[in-house]
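See below for start30.cif, which holds mmCIF, N, CA and C atoms.
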data_start
#
loop_
_atom_site.label_atom_id
_atom_site.label_comp_id
_atom_site.auth_asym_id
_atom_site.auth_seq_id
_atom_site.Cartn_x
_atom_site.Cartn_y
_atom_site.Cartn_z
N MET R 1 90.22 123.78 99.64
CA MET R 1 90.97 122.57 99.92
C MET R 1 90.61 122.00 101.29
N ASN R 2 90.38 122.89 102.26
CA ASN R 2 90.02 122.40 103.58
C ASN R 2 88.71 121.65 103.55
N ARG R 3 87.76 122.15 102.77
CA ARG R 3 86.47 121.49 102.69
C ARG R 3 86.61 120.11 102.04
N LEU R 4 87.43 120.01 101.00
CA LEU R 4 87.66 118.73 100.34
C LEU R 4 88.31 117.75 101.31
N ARG R 5 89.29 118.23 102.09
CA ARG R 5 89.95 117.37 103.06
C ARG R 5 88.95 116.89 104.13
N ASP R 6 88.07 117.80 104.57
CA ASP R 6 87.06 117.41 105.55
C ASP R 6 86.09 116.37 104.98
N TYR R 7 85.68 116.57 103.73
CA TYR R 7 84.77 115.60 103.11
C TYR R 7 85.43 114.23 102.95
N LEU R 8 86.68 114.22 102.53
CA LEU R 8 87.39 112.94 102.37
C LEU R 8 87.58 112.26 103.73
N ALA R 9 87.92 113.04 104.75
CA ALA R 9 88.09 112.46 106.09
C ALA R 9 86.78 111.86 106.58
N PHE R 10 85.66 112.55 106.34
CA PHE R 10 84.37 112.01 106.74
C PHE R 10 84.06 110.73 105.99
N ALA R 11 84.31 110.72 104.67
CA ALA R 11 84.00 109.54 103.87
C ALA R 11 84.83 108.34 104.31
N VAL R 12 86.11 108.55 104.56
CA VAL R 12 86.99 107.45 104.97
C VAL R 12 86.58 106.94 106.35
N CYS R 13 86.30 107.85 107.27
CA CYS R 13 85.90 107.42 108.62
C CYS R 13 84.54 106.72 108.59
N PHE R 14 83.62 107.20 107.76
CA PHE R 14 82.32 106.56 107.65
C PHE R 14 82.46 105.17 107.06
N ALA R 15 83.31 105.03 106.05
CA ALA R 15 83.54 103.71 105.44
C ALA R 15 84.22 102.77 106.45
N GLY R 16 85.15 103.30 107.23
CA GLY R 16 85.82 102.48 108.24
C GLY R 16 84.87 102.02 109.32
N LEU R 17 84.01 102.91 109.77
CA LEU R 17 83.03 102.55 110.79
C LEU R 17 82.03 101.53 110.23
N GLY R 18 81.64 101.72 108.96
CA GLY R 18 80.74 100.76 108.33
C GLY R 18 81.39 99.40 108.17
N TYR R 19 82.68 99.38 107.84
CA TYR R 19 83.38 98.09 107.69
C TYR R 19 83.51 97.39 109.04
N ILE R 20 83.75 98.17 110.10
CA ILE R 20 83.84 97.56 111.43
C ILE R 20 82.51 96.89 111.77
N ALA R 21 81.39 97.52 111.44
CA ALA R 21 80.09 96.94 111.74
C ALA R 21 79.77 95.75 110.83
N MET R 22 80.25 95.79 109.59
CA MET R 22 79.92 94.75 108.62
C MET R 22 80.92 93.60 108.59
N TRP R 23 82.07 93.78 109.17
CA TRP R 23 83.14 92.78 109.08
C TRP R 23 82.75 91.40 109.59
N PRO R 24 82.13 91.28 110.79
CA PRO R 24 81.77 89.93 111.25
C PRO R 24 80.76 89.23 110.35
N LEU R 25 79.92 90.01 109.67
CA LEU R 25 78.91 89.40 108.82
C LEU R 25 79.45 89.03 107.45
N SER R 26 80.52 89.69 107.00
CA SER R 26 81.00 89.45 105.65
C SER R 26 82.24 88.59 105.58
N ALA R 27 82.88 88.31 106.70
CA ALA R 27 84.10 87.51 106.68
C ALA R 27 83.75 86.03 106.70
N ASN R 28 84.56 85.26 106.00
CA ASN R 28 84.31 83.82 106.03
C ASN R 28 84.89 83.25 107.33
N GLY R 29 84.35 82.16 107.77
CA GLY R 29 84.73 81.61 109.06
C GLY R 29 85.97 80.76 109.06
N ASN R 30 86.74 80.74 107.99
CA ASN R 30 87.96 79.93 107.96
C ASN R 30 88.95 80.47 108.98
N THR R 31 89.60 79.56 109.69
CA THR R 31 90.52 79.99 110.73
C THR R 31 91.81 80.54 110.14
N GLY R 32 92.16 80.13 108.93
CA GLY R 32 93.40 80.60 108.35
C GLY R 32 93.23 81.85 107.50
N ALA R 33 92.02 82.32 107.35
CA ALA R 33 91.79 83.48 106.50
C ALA R 33 92.36 84.73 107.15
N LEU R 34 92.92 85.58 106.33
CA LEU R 34 93.54 86.80 106.85
C LEU R 34 92.49 87.73 107.44
N PHE R 35 91.40 87.93 106.74
CA PHE R 35 90.35 88.82 107.23
C PHE R 35 89.16 88.02 107.76
N GLY R 36 89.39 86.82 108.21
CA GLY R 36 88.31 85.99 108.72
C GLY R 36 87.84 86.46 110.08
N ALA R 37 86.64 86.08 110.43
CA ALA R 37 86.05 86.49 111.70
C ALA R 37 86.39 85.50 112.80
N SER R 38 87.41 84.67 112.59
CA SER R 38 87.75 83.67 113.60
C SER R 38 88.27 84.31 114.88
N ILE R 39 88.72 85.57 114.80
CA ILE R 39 89.17 86.27 116.01
C ILE R 39 88.00 86.47 116.95
N LEU R 40 86.82 86.71 116.39
CA LEU R 40 85.63 86.93 117.21
C LEU R 40 84.98 85.62 117.67
N CYS R 41 85.42 84.51 117.12
CA CYS R 41 84.76 83.24 117.42
C CYS R 41 85.69 82.32 118.20
N PRO R 42 85.83 82.53 119.50
CA PRO R 42 86.65 81.59 120.29
C PRO R 42 85.89 80.27 120.44
N ALA R 43 86.61 79.27 120.95
CA ALA R 43 86.00 77.94 121.08
C ALA R 43 84.78 77.96 122.00
N PRO R 44 84.91 78.41 123.24
CA PRO R 44 83.68 78.53 124.05
C PRO R 44 83.09 79.93 123.86
N ALA R 45 82.35 80.13 122.79
CA ALA R 45 81.82 81.47 122.48
C ALA R 45 80.55 81.75 123.28
N PRO R 46 80.40 83.00 123.71
CA PRO R 46 79.12 83.37 124.34
C PRO R 46 77.98 83.24 123.34
N PHE R 47 76.75 83.33 123.83
CA PHE R 47 75.57 83.06 123.00
C PHE R 47 75.51 83.98 121.77
N VAL R 48 75.69 85.29 121.99
CA VAL R 48 75.57 86.24 120.86
C VAL R 48 76.62 85.94 119.81
N LEU R 49 77.86 85.72 120.24
CA LEU R 49 78.91 85.42 119.28
C LEU R 49 78.73 84.04 118.66
N ALA R 50 78.18 83.10 119.42
CA ALA R 50 77.96 81.77 118.87
C ALA R 50 76.94 81.81 117.74
N VAL R 51 75.89 82.60 117.91
CA VAL R 51 74.88 82.74 116.86
C VAL R 51 75.51 83.39 115.63
N LEU R 52 76.34 84.38 115.86
CA LEU R 52 76.98 85.08 114.76
C LEU R 52 78.00 84.20 114.05
N CYS R 53 78.75 83.40 114.82
CA CYS R 53 79.82 82.59 114.23
C CYS R 53 79.31 81.35 113.52
N ARG R 54 78.27 80.72 114.05
CA ARG R 54 77.79 79.47 113.46
C ARG R 54 76.91 79.69 112.23
N GLY R 55 76.31 80.86 112.16
CA GLY R 55 75.39 81.13 111.05
C GLY R 55 76.15 81.32 109.75
N PRO R 56 75.44 81.19 108.64
CA PRO R 56 76.09 81.42 107.34
C PRO R 56 76.38 82.91 107.16
N HIS R 57 77.40 83.19 106.41
CA HIS R 57 77.76 84.58 106.14
C HIS R 57 77.14 84.98 104.81
N PRO R 58 76.04 85.71 104.86
CA PRO R 58 75.33 86.03 103.61
C PRO R 58 76.08 87.04 102.74
N LEU R 59 76.89 87.88 103.34
CA LEU R 59 77.62 88.89 102.57
C LEU R 59 79.02 88.39 102.28
N THR R 60 79.43 88.51 101.06
CA THR R 60 80.81 88.18 100.73
C THR R 60 81.44 89.37 100.05
N LEU R 61 82.61 89.72 100.50
CA LEU R 61 83.35 90.83 99.91
C LEU R 61 84.62 90.29 99.28
N SER R 62 85.06 90.97 98.26
CA SER R 62 86.31 90.57 97.63
C SER R 62 87.48 90.95 98.54
N PRO R 63 88.63 90.32 98.35
CA PRO R 63 89.79 90.67 99.19
C PRO R 63 90.18 92.15 99.06
N THR R 64 89.98 92.74 97.88
CA THR R 64 90.29 94.16 97.70
C THR R 64 89.41 95.02 98.60
N LEU R 65 88.12 94.71 98.66
CA LEU R 65 87.23 95.47 99.53
C LEU R 65 87.55 95.24 101.00
N HIS R 66 88.00 94.02 101.35
CA HIS R 66 88.43 93.78 102.72
C HIS R 66 89.65 94.63 103.06
N VAL R 67 90.59 94.73 102.14
CA VAL R 67 91.80 95.54 102.40
C VAL R 67 91.42 97.01 102.53
N LEU R 68 90.59 97.51 101.61
CA LEU R 68 90.16 98.91 101.70
C LEU R 68 89.38 99.17 102.98
N GLY R 69 88.53 98.24 103.36
CA GLY R 69 87.77 98.40 104.60
C GLY R 69 88.67 98.37 105.82
N ALA R 70 89.66 97.47 105.81
CA ALA R 70 90.59 97.42 106.95
C ALA R 70 91.42 98.68 107.04
N LEU R 71 91.84 99.23 105.90
CA LEU R 71 92.59 100.49 105.91
C LEU R 71 91.72 101.64 106.40
N SER R 72 90.46 101.66 105.97
CA SER R 72 89.54 102.70 106.44
C SER R 72 89.29 102.58 107.94
N ALA R 73 89.14 101.36 108.42
CA ALA R 73 88.92 101.15 109.85
C ALA R 73 90.15 101.55 110.65
N ALA R 74 91.34 101.25 110.13
CA ALA R 74 92.57 101.65 110.82
C ALA R 74 92.70 103.17 110.83
N THR R 75 92.36 103.81 109.71
CA THR R 75 92.39 105.26 109.65
C THR R 75 91.40 105.87 110.64
N PHE R 76 90.22 105.28 110.74
CA PHE R 76 89.22 105.74 111.70
C PHE R 76 89.76 105.63 113.12
N GLY R 77 90.38 104.50 113.46
CA GLY R 77 90.95 104.33 114.79
C GLY R 77 92.08 105.30 115.07
N LEU R 78 92.96 105.49 114.09
CA LEU R 78 94.06 106.45 114.27
C LEU R 78 93.55 107.88 114.41
N ARG R 79 92.49 108.19 113.68
CA ARG R 79 91.91 109.54 113.79
C ARG R 79 91.30 109.76 115.17
N LEU R 80 90.67 108.72 115.72
CA LEU R 80 90.14 108.83 117.08
C LEU R 80 91.27 109.03 118.09
N LEU R 81 92.35 108.26 117.95
CA LEU R 81 93.49 108.42 118.85
C LEU R 81 94.12 109.80 118.73
N TYR R 82 94.24 110.29 117.49
CA TYR R 82 94.82 111.61 117.26
C TYR R 82 93.95 112.71 117.90
N GLY R 83 92.64 112.60 117.76
CA GLY R 83 91.74 113.57 118.38
C GLY R 83 91.83 113.54 119.89
N ALA R 84 91.92 112.35 120.48
CA ALA R 84 92.05 112.24 121.93
C ALA R 84 93.38 112.83 122.40
N LEU R 85 94.45 112.56 121.65
CA LEU R 85 95.75 113.11 122.00
C LEU R 85 95.75 114.63 121.92
N CYS R 86 95.16 115.19 120.88
CA CYS R 86 95.09 116.65 120.75
C CYS R 86 94.29 117.27 121.88
N ARG R 87 93.17 116.65 122.24
CA ARG R 87 92.37 117.19 123.36
C ARG R 87 93.15 117.13 124.66
N ALA R 88 93.88 116.04 124.88
CA ALA R 88 94.66 115.91 126.11
C ALA R 88 95.78 116.95 126.15
N LEU R 89 96.44 117.17 125.02
CA LEU R 89 97.51 118.18 124.99
C LEU R 89 96.97 119.59 125.17
N ARG R 90 95.79 119.88 124.60
CA ARG R 90 95.18 121.20 124.79
C ARG R 90 94.79 121.41 126.24
N ALA R 91 94.24 120.36 126.88
CA ALA R 91 93.86 120.47 128.28
C ALA R 91 95.10 120.66 129.16
N ARG R 92 96.17 119.98 128.82
CA ARG R 92 97.41 120.13 129.60
C ARG R 92 97.99 121.54 129.43
N ALA R 93 97.94 122.05 128.20
CA ALA R 93 98.44 123.40 127.97
C ALA R 93 97.59 124.44 128.70
N ALA R 94 96.28 124.21 128.77
CA ALA R 94 95.41 125.13 129.50
C ALA R 94 95.72 125.09 131.00
N ARG R 95 95.97 123.89 131.51
CA ARG R 95 96.32 123.79 132.94
C ARG R 95 97.66 124.46 133.22
N MET R 96 98.61 124.27 132.31
CA MET R 96 99.93 124.86 132.52
C MET R 96 99.88 126.39 132.42
N SER R 97 99.05 126.92 131.52
CA SER R 97 98.97 128.37 131.40
C SER R 97 98.23 128.96 132.58
N ALA R 98 97.31 128.20 133.18
CA ALA R 98 96.60 128.71 134.35
C ALA R 98 97.53 128.73 135.56
N VAL R 99 98.51 127.87 135.60
CA VAL R 99 99.43 127.81 136.73
C VAL R 99 100.40 128.98 136.70
N ARG R 100 100.84 129.36 135.54
CA ARG R 100 101.86 130.40 135.40
C ARG R 100 101.24 131.78 135.28
N VAL R 101 100.56 132.23 136.31
CA VAL R 101 99.98 133.56 136.31
C VAL R 101 101.03 134.52 136.84
N VAL R 102 101.34 135.51 136.06
CA VAL R 102 102.32 136.50 136.47
C VAL R 102 101.59 137.74 136.91
N ARG R 103 101.90 138.20 138.10
CA ARG R 103 101.25 139.41 138.60
C ARG R 103 102.04 140.62 138.13
N ILE R 104 101.33 141.57 137.58
CA ILE R 104 101.94 142.80 137.10
C ILE R 104 101.80 143.83 138.22
N PRO R 105 102.88 144.50 138.57
CA PRO R 105 102.81 145.50 139.64
C PRO R 105 101.80 146.60 139.30
N ALA R 106 101.19 147.15 140.34
CA ALA R 106 100.14 148.15 140.15
C ALA R 106 100.67 149.41 139.49
N TYR R 107 101.92 149.80 139.81
CA TYR R 107 102.43 151.04 139.22
C TYR R 107 102.61 150.92 137.70
N LEU R 108 102.72 149.68 137.19
CA LEU R 108 102.79 149.51 135.74
C LEU R 108 101.41 149.54 135.09
N LEU R 109 100.38 149.29 135.90
CA LEU R 109 99.03 149.26 135.36
C LEU R 109 98.38 150.63 135.34
N THR R 110 98.92 151.61 136.06
CA THR R 110 98.31 152.94 136.08
C THR R 110 98.45 153.57 134.70
N PRO R 111 97.40 154.17 134.24
CA PRO R 111 97.46 154.76 132.90
C PRO R 111 98.35 156.01 132.89
N THR R 112 99.06 156.17 131.84
CA THR R 112 99.90 157.36 131.70
C THR R 112 99.06 158.47 131.09
N ARG R 113 99.51 159.71 131.28
CA ARG R 113 98.78 160.85 130.75
C ARG R 113 98.95 160.85 129.22
N PRO R 114 97.82 160.90 128.51
CA PRO R 114 97.95 160.89 127.05
C PRO R 114 98.55 162.20 126.56
N SER R 115 99.26 162.12 125.50
CA SER R 115 99.85 163.32 124.92
C SER R 115 98.76 164.12 124.22
N ALA R 116 99.06 165.37 123.95
CA ALA R 116 98.08 166.24 123.29
C ALA R 116 97.80 165.69 121.90
N PRO R 117 96.54 165.73 121.49
CA PRO R 117 96.22 165.21 120.16
C PRO R 117 96.86 166.07 119.08
N LEU R 118 97.17 165.45 118.00
CA LEU R 118 97.77 166.16 116.88
C LEU R 118 96.73 167.07 116.24
N PRO R 119 97.16 168.24 115.78
CA PRO R 119 96.19 169.12 115.13
C PRO R 119 95.73 168.53 113.81
N ARG R 120 94.48 168.85 113.46
CA ARG R 120 93.94 168.34 112.21
C ARG R 120 94.59 169.04 111.04
N LEU R 121 94.78 168.29 110.00
CA LEU R 121 95.35 168.85 108.80
C LEU R 121 94.28 169.66 108.07
N PRO R 122 94.68 170.75 107.45
CA PRO R 122 93.66 171.55 106.73
C PRO R 122 93.13 170.77 105.53
N ARG R 123 91.84 170.92 105.31
CA ARG R 123 91.21 170.22 104.21
C ARG R 123 91.30 171.09 102.95
N VAL R 124 91.75 170.50 101.89
CA VAL R 124 91.90 171.23 100.63
C VAL R 124 90.74 170.84 99.73
N LYS R 125 89.99 171.86 99.32
CA LYS R 125 88.87 171.58 98.44
C LYS R 125 89.39 171.54 97.00
N ARG R 126 89.07 170.51 96.31
CA ARG R 126 89.55 170.36 94.94
C ARG R 126 88.60 171.07 93.97
N ALA R 127 89.15 171.44 92.84
CA ALA R 127 88.32 172.09 91.82
C ALA R 127 87.44 171.06 91.14
N ARG R 128 86.29 171.52 90.67
CA ARG R 128 85.34 170.59 90.04
C ARG R 128 85.87 170.02 88.74
N ARG R 129 86.76 170.65 88.14
CA ARG R 129 87.21 170.16 86.84
C ARG R 129 87.99 168.85 86.97
N GLU R 130 88.37 168.52 88.17
CA GLU R 130 89.12 167.28 88.37
C GLU R 130 88.22 166.06 88.46
N PHE R 131 86.92 166.27 88.62
CA PHE R 131 86.01 165.15 88.81
C PHE R 131 85.06 165.02 87.63
N GLY R 132 84.89 163.85 87.12
CA GLY R 132 83.86 163.54 86.14
C GLY R 132 83.96 164.35 84.87
N LEU R 133 82.79 164.60 84.25
CA LEU R 133 82.72 165.31 82.97
C LEU R 133 82.37 166.77 83.13
N ARG R 134 82.22 167.25 84.34
CA ARG R 134 81.84 168.64 84.55
C ARG R 134 82.98 169.56 84.15
N GLY R 135 82.66 170.48 83.36
CA GLY R 135 83.64 171.49 82.96
C GLY R 135 84.74 170.93 82.07
N ALA R 136 84.54 169.75 81.52
CA ALA R 136 85.56 169.18 80.65
C ALA R 136 85.54 169.91 79.31
N PRO R 137 86.71 170.10 78.71
CA PRO R 137 86.75 170.78 77.42
C PRO R 137 86.05 169.95 76.36
N ARG R 138 85.37 170.65 75.42
CA ARG R 138 84.62 169.93 74.39
C ARG R 138 85.35 169.83 73.11
#

Show me this structure written as structure tokens.
Amino acid sequence: MNRLRDYLAFAVCFAGLGYIAMWPLSANGNTGALFGASILCPAPAPFVLAVLCRGPHPLTLSPTLHVLGALSAATFGLRLLYGALCRALRARAARMSAVRVVRIPAYLLTPTRPSAPLPRLPRVKRARREFGLRGAPR
């Protein structure tokens, strides 16, 4: 199950990253469109964005694919935030554990005298008739 979850997470994040890269090229330039690229196209656009915004959009995606792509991109972003938060919390916990060093008194660290080892139990040899077919009645 863990492997399946990892594969699905990779696929969703890969699709989200791909949608982020493809979104400006596939969105129509209508200002009222929900998934339109008008957010990237301000009125005084820089040269790179102006070329991207004024050119025709050769790729067209259906609204369903736009919704799935936007959900994948949001999942990718949330996963990045979650990973950053986990790393920050782990680093904080490591710093906090390094601060709280407790010194153990030396008299507690001295080894105690071990007790005498227990005597070995006598080994009982079993009769051959208990093993396999040897000596079995015919």

### Result set, the PyMOL selection byres ((chain R and resi 72) around 7) on current file, as a VMD selection string
chain R and resid 12 to 13 15 to 17 67 to 71 73 to 77

### Task
Just give me the gap between atom CA of Leu109 of chain R and atom C of Met96 of chain R in Å, one decimal is fine.
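These atoms are spaced 23.1 Å apart.
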
#### Entry: atom N of Arg79 of chain R to atom C of Leu8 of chain R, straight-line distance in Å
11.8 Å

### Task
One decimal, Å: what's the distance from atom CA of Ser62 of chain R over to atom CA of Pro24 of chain R, could you say?
14.4 Å

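You can rank R:Arg120, R:Ala88, R:Arg3, R:Leu25 by their closest distance to Leu59 of chain R using only C-alpha atoms, and at the top of that list sits R:Leu25.
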